[in-house]
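Peer 1: Please find one structure pasted underneath; my questions will follow.
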Amino acid sequence: NAGVMQNPRHLVRRRGQEARLRCSPMKGHSHVYWYRQLPEEGLKFMVYLQKENIIDESGMPKERFSAEFPKEGPSILRIQQVVRGDSAAYFCATNTQTHTEAFFGQGTRLTVV
Amino acid sequence: DQQVKQNSPSLSVQEGRISILNCDYTNSMFDYFLWYKKYPAEGPTFLISISSIKDKNEDGRFTVFLNKSAKHLSLHIVPSQPGDSAVYFCAASRPYTDKLIFGTGTRLQVFP
């Protein structure tokens, strides 16, 4: 049973470009959470999705950031017109239902140059 | 507003001794607490969790204690091993959601 898969592991983008981060949940997991970790900080919640639905996006910046979890395929975190401050590690976590262990992926390290 | 706090950024413990990592929270609505371990350049790995209806949960060398009146939880690792050296994060969530609020982490170093 493969774990949570995130790709790419590393992503370099120039300012103004778009970044697409992908997260494939563990088999049978229908809940996806995205977190961002800035250098020397803890993980900050961004968005919680279930299949085809955004449940909680209270941690998402109001502009340039969007997320989806389509019926088929991975969850996508999309950052438009990236700026240097978007440089961070982005992690997704998945589980089957509330208050069960959430498994994390290896993360995508985004560097904006 | 930091709702989950880990006030010790680092801890150094000798191999074989007990490691105690502490975590405080401010939101009395939290009802589920977790500890994660993280190595550099990897994702967090789940260690142990506890529901607010319990005050202790044990799994092998790891025990988590919850003191609701003090809004405090701790992770005990005994005996500590060099492979335990990592950053440890505590996290909390409220009912009906797994939106986790993380602390800032404690870097544990276990030396021989």
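Chain labels run A, B, ... following the order of the structure tokens; each chain numbers its residues from 1, and ligands are numbered from 1 in the order shown.
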At a cut-off of 12 Å, can you tabulate as JSON lines every residue of chain B near chain A together with its closest atom pair and the distance in Å to one decimal, using only C-alpha atoms and ordering rows by chain then number?
Peer 2:
```
{"residue": "B:Gln2", "atom": "CA", "partner": "A:Gly42", "partner_atom": "CA", "distance": 10.5}
{"residue": "B:Gln3", "atom": "CA", "partner": "A:Lys44", "partner_atom": "CA", "distance": 11.7}
{"residue": "B:Val4", "atom": "CA", "partner": "A:Gly42", "partner_atom": "CA", "distance": 10.2}
{"residue": "B:Lys5", "atom": "CA", "partner": "A:Gly42", "partner_atom": "CA", "distance": 10.1}
{"residue": "B:Gln6", "atom": "CA", "partner": "A:Gly42", "partner_atom": "CA", "distance": 10.1}
{"residue": "B:Pro9", "atom": "CA", "partner": "A:Glu40", "partner_atom": "CA", "distance": 10.3}
{"residue": "B:Phe30", "atom": "CA", "partner": "A:His99", "partner_atom": "CA", "distance": 11.4}
{"residue": "B:Asp31", "atom": "CA", "partner": "A:His99", "partner_atom": "CA", "distance": 9.2}
{"residue": "B:Tyr32", "atom": "CA", "partner": "A:His99", "partner_atom": "CA", "distance": 6.9}
{"residue": "B:Phe33", "atom": "CA", "partner": "A:His99", "partner_atom": "CA", "distance": 9.1}
{"residue": "B:Leu34", "atom": "CA", "partner": "A:Glu101", "partner_atom": "CA", "distance": 8.5}
{"residue": "B:Trp35", "atom": "CA", "partner": "A:Glu101", "partner_atom": "CA", "distance": 10.4}
{"residue": "B:Tyr36", "atom": "CA", "partner": "A:Phe104", "partner_atom": "CA", "distance": 9.9}
{"residue": "B:Lys37", "atom": "CA", "partner": "A:Phe104", "partner_atom": "CA", "distance": 11.0}
{"residue": "B:Lys38", "atom": "CA", "partner": "A:Gln106", "partner_atom": "CA", "distance": 10.2}
{"residue": "B:Tyr39", "atom": "CA", "partner": "A:Gln106", "partner_atom": "CA", "distance": 10.3}
{"residue": "B:Pro40", "atom": "CA", "partner": "A:Gln106", "partner_atom": "CA", "distance": 10.2}
{"residue": "B:Ala41", "atom": "CA", "partner": "A:Gln106", "partner_atom": "CA", "distance": 7.5}
{"residue": "B:Glu42", "atom": "CA", "partner": "A:Gln106", "partner_atom": "CA", "distance": 4.9}
{"residue": "B:Gly43", "atom": "CA", "partner": "A:Gln106", "partner_atom": "CA", "distance": 4.2}
{"residue": "B:Pro44", "atom": "CA", "partner": "A:Phe104", "partner_atom": "CA", "distance": 6.0}
{"residue": "B:Thr45", "atom": "CA", "partner": "A:Phe104", "partner_atom": "CA", "distance": 6.8}
{"residue": "B:Phe46", "atom": "CA", "partner": "A:Phe103", "partner_atom": "CA", "distance": 6.9}
{"residue": "B:Leu47", "atom": "CA", "partner": "A:Glu101", "partner_atom": "CA", "distance": 9.2}
{"residue": "B:Ile48", "atom": "CA", "partner": "A:Glu101", "partner_atom": "CA", "distance": 8.6}
{"residue": "B:Ser49", "atom": "CA", "partner": "A:Glu101", "partner_atom": "CA", "distance": 7.9}
{"residue": "B:Ile50", "atom": "CA", "partner": "A:His99", "partner_atom": "CA", "distance": 9.7}
{"residue": "B:Ser51", "atom": "CA", "partner": "A:His99", "partner_atom": "CA", "distance": 8.6}
{"residue": "B:Ser52", "atom": "CA", "partner": "A:His99", "partner_atom": "CA", "distance": 11.3}
{"residue": "B:Val87", "atom": "CA", "partner": "A:Gly42", "partner_atom": "CA", "distance": 10.2}
{"residue": "B:Tyr88", "atom": "CA", "partner": "A:Gly42", "partner_atom": "CA", "distance": 10.1}
{"residue": "B:Phe89", "atom": "CA", "partner": "A:Gly42", "partner_atom": "CA", "distance": 7.7}
{"residue": "B:Cys90", "atom": "CA", "partner": "A:Gly42", "partner_atom": "CA", "distance": 9.7}
{"residue": "B:Ala91", "atom": "CA", "partner": "A:Leu43", "partner_atom": "CA", "distance": 9.4}
{"residue": "B:Ala92", "atom": "CA", "partner": "A:His99", "partner_atom": "CA", "distance": 10.2}
{"residue": "B:Ser93", "atom": "CA", "partner": "A:His99", "partner_atom": "CA", "distance": 8.2}
{"residue": "B:Arg94", "atom": "CA", "partner": "A:His99", "partner_atom": "CA", "distance": 9.1}
{"residue": "B:Pro95", "atom": "CA", "partner": "A:His99", "partner_atom": "CA", "distance": 8.2}
{"residue": "B:Tyr96", "atom": "CA", "partner": "A:Thr98", "partner_atom": "CA", "distance": 6.2}
{"residue": "B:Thr97", "atom": "CA", "partner": "A:Thr98", "partner_atom": "CA", "distance": 5.8}
{"residue": "B:Asp98", "atom": "CA", "partner": "A:Thr98", "partner_atom": "CA", "distance": 5.7}
{"residue": "B:Lys99", "atom": "CA", "partner": "A:Phe45", "partner_atom": "CA", "distance": 6.6}
{"residue": "B:Leu100", "atom": "CA", "partner": "A:Phe45", "partner_atom": "CA", "distance": 6.6}
{"residue": "B:Ile101", "atom": "CA", "partner": "A:Phe45", "partner_atom": "CA", "distance": 6.9}
{"residue": "B:Phe102", "atom": "CA", "partner": "A:Leu43", "partner_atom": "CA", "distance": 5.9}
{"residue": "B:Gly103", "atom": "CA", "partner": "A:Gly42", "partner_atom": "CA", "distance": 5.9}
{"residue": "B:Thr104", "atom": "CA", "partner": "A:Gly42", "partner_atom": "CA", "distance": 4.2}
{"residue": "B:Gly105", "atom": "CA", "partner": "A:Gly42", "partner_atom": "CA", "distance": 6.3}
{"residue": "B:Thr106", "atom": "CA", "partner": "A:Gly42", "partner_atom": "CA", "distance": 10.0}
{"residue": "B:Arg107", "atom": "CA", "partner": "A:Glu40", "partner_atom": "CA", "distance": 11.1}
```
Peer 1: Output N, CA and C atoms for every residue in that selection, as a short mmCIF file (atom, residue, chain, number, x, y, z; two decimals), in the first residue's frame.
Peer 2:
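Listing of part.cif after writing:
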```cif
data_model
loop_
_atom_site.label_atom_id
_atom_site.label_comp_id
_atom_site.auth_asym_id
_atom_site.auth_seq_id
_atom_site.Cartn_x
_atom_site.Cartn_y
_atom_site.Cartn_z
N GLN B 2 -0.76 32.10 18.75
CA GLN B 2 -0.22 30.75 18.72
C GLN B 2 -1.04 29.90 19.68
N GLN B 3 -1.94 29.09 19.16
CA GLN B 3 -2.83 28.31 20.02
C GLN B 3 -2.15 27.07 20.59
N VAL B 4 -1.09 26.61 19.94
CA VAL B 4 -0.34 25.45 20.40
C VAL B 4 1.12 25.88 20.51
N LYS B 5 1.67 25.70 21.70
CA LYS B 5 3.01 26.22 21.94
C LYS B 5 3.95 25.13 22.43
N GLN B 6 5.13 25.12 21.86
CA GLN B 6 6.20 24.28 22.35
C GLN B 6 7.32 25.23 22.74
N PRO B 9 12.72 25.05 22.26
CA PRO B 9 13.09 24.81 20.86
C PRO B 9 14.01 23.61 20.70
N PHE B 30 -10.16 22.17 21.76
CA PHE B 30 -9.37 21.06 21.19
C PHE B 30 -9.75 19.76 21.89
N ASP B 31 -9.96 18.71 21.10
CA ASP B 31 -10.32 17.44 21.72
C ASP B 31 -9.49 16.27 21.21
N TYR B 32 -8.52 16.56 20.36
CA TYR B 32 -7.71 15.47 19.80
C TYR B 32 -6.31 16.02 19.62
N PHE B 33 -5.33 15.27 20.11
CA PHE B 33 -3.96 15.76 20.13
C PHE B 33 -3.04 14.68 19.55
N LEU B 34 -2.03 15.14 18.82
CA LEU B 34 -1.13 14.21 18.16
C LEU B 34 0.31 14.68 18.32
N TRP B 35 1.22 13.73 18.23
CA TRP B 35 2.65 14.03 18.16
C TRP B 35 3.18 13.47 16.85
N TYR B 36 3.98 14.30 16.18
CA TYR B 36 4.64 13.90 14.95
C TYR B 36 6.14 14.10 15.11
N LYS B 37 6.86 13.27 14.40
CA LYS B 37 8.32 13.34 14.37
C LYS B 37 8.72 13.72 12.95
N LYS B 38 9.71 14.57 12.81
CA LYS B 38 10.08 15.00 11.46
C LYS B 38 11.60 15.05 11.32
N TYR B 39 12.07 14.36 10.28
CA TYR B 39 13.47 14.46 9.88
C TYR B 39 13.60 15.52 8.80
N PRO B 40 14.78 16.11 8.65
CA PRO B 40 14.98 17.11 7.60
C PRO B 40 14.60 16.58 6.23
N ALA B 41 13.97 17.39 5.44
CA ALA B 41 13.62 17.08 4.05
C ALA B 41 12.64 15.91 3.93
N GLU B 42 11.94 15.58 5.02
CA GLU B 42 10.92 14.55 4.95
C GLU B 42 9.61 15.09 5.53
N GLY B 43 8.53 14.37 5.26
CA GLY B 43 7.26 14.75 5.85
C GLY B 43 7.16 14.28 7.28
N PRO B 44 6.27 14.88 8.07
CA PRO B 44 6.08 14.43 9.46
C PRO B 44 5.58 12.99 9.49
N THR B 45 6.05 12.27 10.50
CA THR B 45 5.62 10.89 10.72
C THR B 45 4.83 10.83 12.00
N PHE B 46 3.64 10.27 11.91
CA PHE B 46 2.78 10.15 13.09
C PHE B 46 3.42 9.26 14.15
N LEU B 47 3.35 9.69 15.41
CA LEU B 47 3.89 8.90 16.50
C LEU B 47 2.78 8.33 17.38
N ILE B 48 1.98 9.23 17.92
CA ILE B 48 0.98 8.80 18.90
C ILE B 48 -0.06 9.90 19.03
N SER B 49 -1.27 9.51 19.40
CA SER B 49 -2.33 10.50 19.57
C SER B 49 -3.07 10.22 20.88
N ILE B 50 -3.88 11.21 21.27
CA ILE B 50 -4.70 11.03 22.47
C ILE B 50 -5.96 11.85 22.31
N SER B 51 -7.06 11.27 22.70
CA SER B 51 -8.34 11.96 22.72
C SER B 51 -8.51 12.64 24.08
N SER B 52 -9.31 13.69 24.10
CA SER B 52 -9.48 14.44 25.34
C SER B 52 -10.24 13.67 26.42
N VAL B 87 13.00 16.52 14.89
CA VAL B 87 12.14 17.59 15.41
C VAL B 87 10.77 16.99 15.71
N TYR B 88 10.24 17.28 16.88
CA TYR B 88 8.96 16.75 17.31
C TYR B 88 7.94 17.89 17.36
N PHE B 89 6.81 17.64 16.71
CA PHE B 89 5.73 18.61 16.69
C PHE B 89 4.53 18.06 17.42
N CYS B 90 3.92 18.85 18.28
CA CYS B 90 2.61 18.49 18.78
C CYS B 90 1.58 19.22 17.93
N ALA B 91 0.40 18.66 17.86
CA ALA B 91 -0.68 19.23 17.05
C ALA B 91 -2.00 18.95 17.74
N ALA B 92 -2.97 19.79 17.47
CA ALA B 92 -4.29 19.65 18.09
C ALA B 92 -5.38 19.96 17.08
N SER B 93 -6.55 19.37 17.31
CA SER B 93 -7.69 19.68 16.45
C SER B 93 -8.96 19.74 17.29
N ARG B 94 -9.96 20.37 16.72
CA ARG B 94 -11.27 20.51 17.39
C ARG B 94 -12.20 19.41 16.90
N PRO B 95 -13.36 19.29 17.51
CA PRO B 95 -14.32 18.27 17.06
C PRO B 95 -14.71 18.42 15.60
N TYR B 96 -14.91 17.31 14.95
CA TYR B 96 -15.45 17.22 13.59
C TYR B 96 -14.51 17.79 12.54
N THR B 97 -13.27 17.99 12.87
CA THR B 97 -12.32 18.43 11.87
C THR B 97 -10.94 17.86 12.18
N ASP B 98 -10.16 17.62 11.16
CA ASP B 98 -8.77 17.27 11.34
C ASP B 98 -7.84 18.38 10.85
N LYS B 99 -8.36 19.58 10.82
CA LYS B 99 -7.50 20.74 10.61
C LYS B 99 -6.59 20.82 11.83
N LEU B 100 -5.33 20.50 11.63
CA LEU B 100 -4.39 20.43 12.73
C LEU B 100 -3.71 21.77 12.96
N ILE B 101 -3.64 22.16 14.22
CA ILE B 101 -2.88 23.34 14.62
C ILE B 101 -1.59 22.83 15.23
N PHE B 102 -0.48 23.19 14.62
CA PHE B 102 0.82 22.67 15.04
C PHE B 102 1.55 23.66 15.95
N GLY B 103 2.34 23.09 16.86
CA GLY B 103 3.32 23.87 17.57
C GLY B 103 4.52 24.12 16.68
N THR B 104 5.49 24.86 17.21
CA THR B 104 6.65 25.24 16.40
C THR B 104 7.75 24.20 16.42
N GLY B 105 7.58 23.16 17.24
CA GLY B 105 8.52 22.06 17.22
C GLY B 105 9.61 22.16 18.29
N THR B 106 10.08 20.98 18.70
CA THR B 106 11.23 20.86 19.61
C THR B 106 12.23 19.92 18.95
N ARG B 107 13.45 20.40 18.82
CA ARG B 107 14.50 19.57 18.22
C ARG B 107 15.13 18.71 19.32
#
```
Peer 1: So which one's closest to Pro74 of chain A, A:Pro39, A:Glu18, A:Arg13, A:Lys51? Using only C-alpha atoms, please.
Peer 2: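 For Pro74 of chain A, the nearest of the candidates is A:Lys51.
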Peer 1: If you run DSSP on the backbone here, which positions in segment 4-112 of chain A get strand (DSSP E or B)? Please write them as a PyMOL selection string.
Peer 2: chain A and resi 5-7+10-13+19-24+31-37+43-50+53-56+65-68+75-79+88-95+103-104+108-112
Peer 1: List as number ranges by chain the protein and nucleic acid residues near Asn22 of chain B, meaning an atom at most 7 Å away when only C-alpha atoms are counted, but skip any in the same chain fewer than 2 places from it.
Peer 2: B: 6, 20, 24, 73-75
Peer 1: Those same residues - C-alpha atoms - I'd like them written as a PDB file, in the first residue's frame.
Peer 2:
```pdb
ATOM      1  CA  GLN B   6       6.196  24.285  22.354  1.00  0.00           C
ATOM      2  CA  ILE B  20      10.175  14.591  27.919  1.00  0.00           C
ATOM      3  CA  ASP B  24       0.761  23.803  25.894  1.00  0.00           C
ATOM      4  CA  LEU B  73       0.401  17.576  27.103  1.00  0.00           C
ATOM      5  CA  SER B  74       3.722  15.850  27.120  1.00  0.00           C
ATOM      6  CA  LEU B  75       5.452  13.102  25.199  1.00  0.00           C
TER       7      LEU B  75
END
```
Peer 1: Rounded to one decimal in Å, what is the spacing between atom CA of Ser12 of chain B and atom CA of Ala88 of chain A?
Peer 2: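 According to the coordinates, atom CA of Ser12 of chain B and atom CA of Ala88 of chain A are separated by 27.4 Å.
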Peer 1: Hey, what's within 7 Å of Ser66 of chain A if we count only C-alpha atoms and toss same-chain stuff fewer than 6 positions away? As a list in words, please?
Peer 2: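 So, after excluding close chain neighbours, the residues are Leu77, Arg78 and Ile79 of chain A.
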Peer 1: Under the rule that only C-alpha atoms are counted, which of B:Met29, B:Ile53, B:Ile18, B:Val13 is the nearest residue to Asn67 of chain B?
Peer 2: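 So, comparing all the options, the nearest one is B:Ile53.
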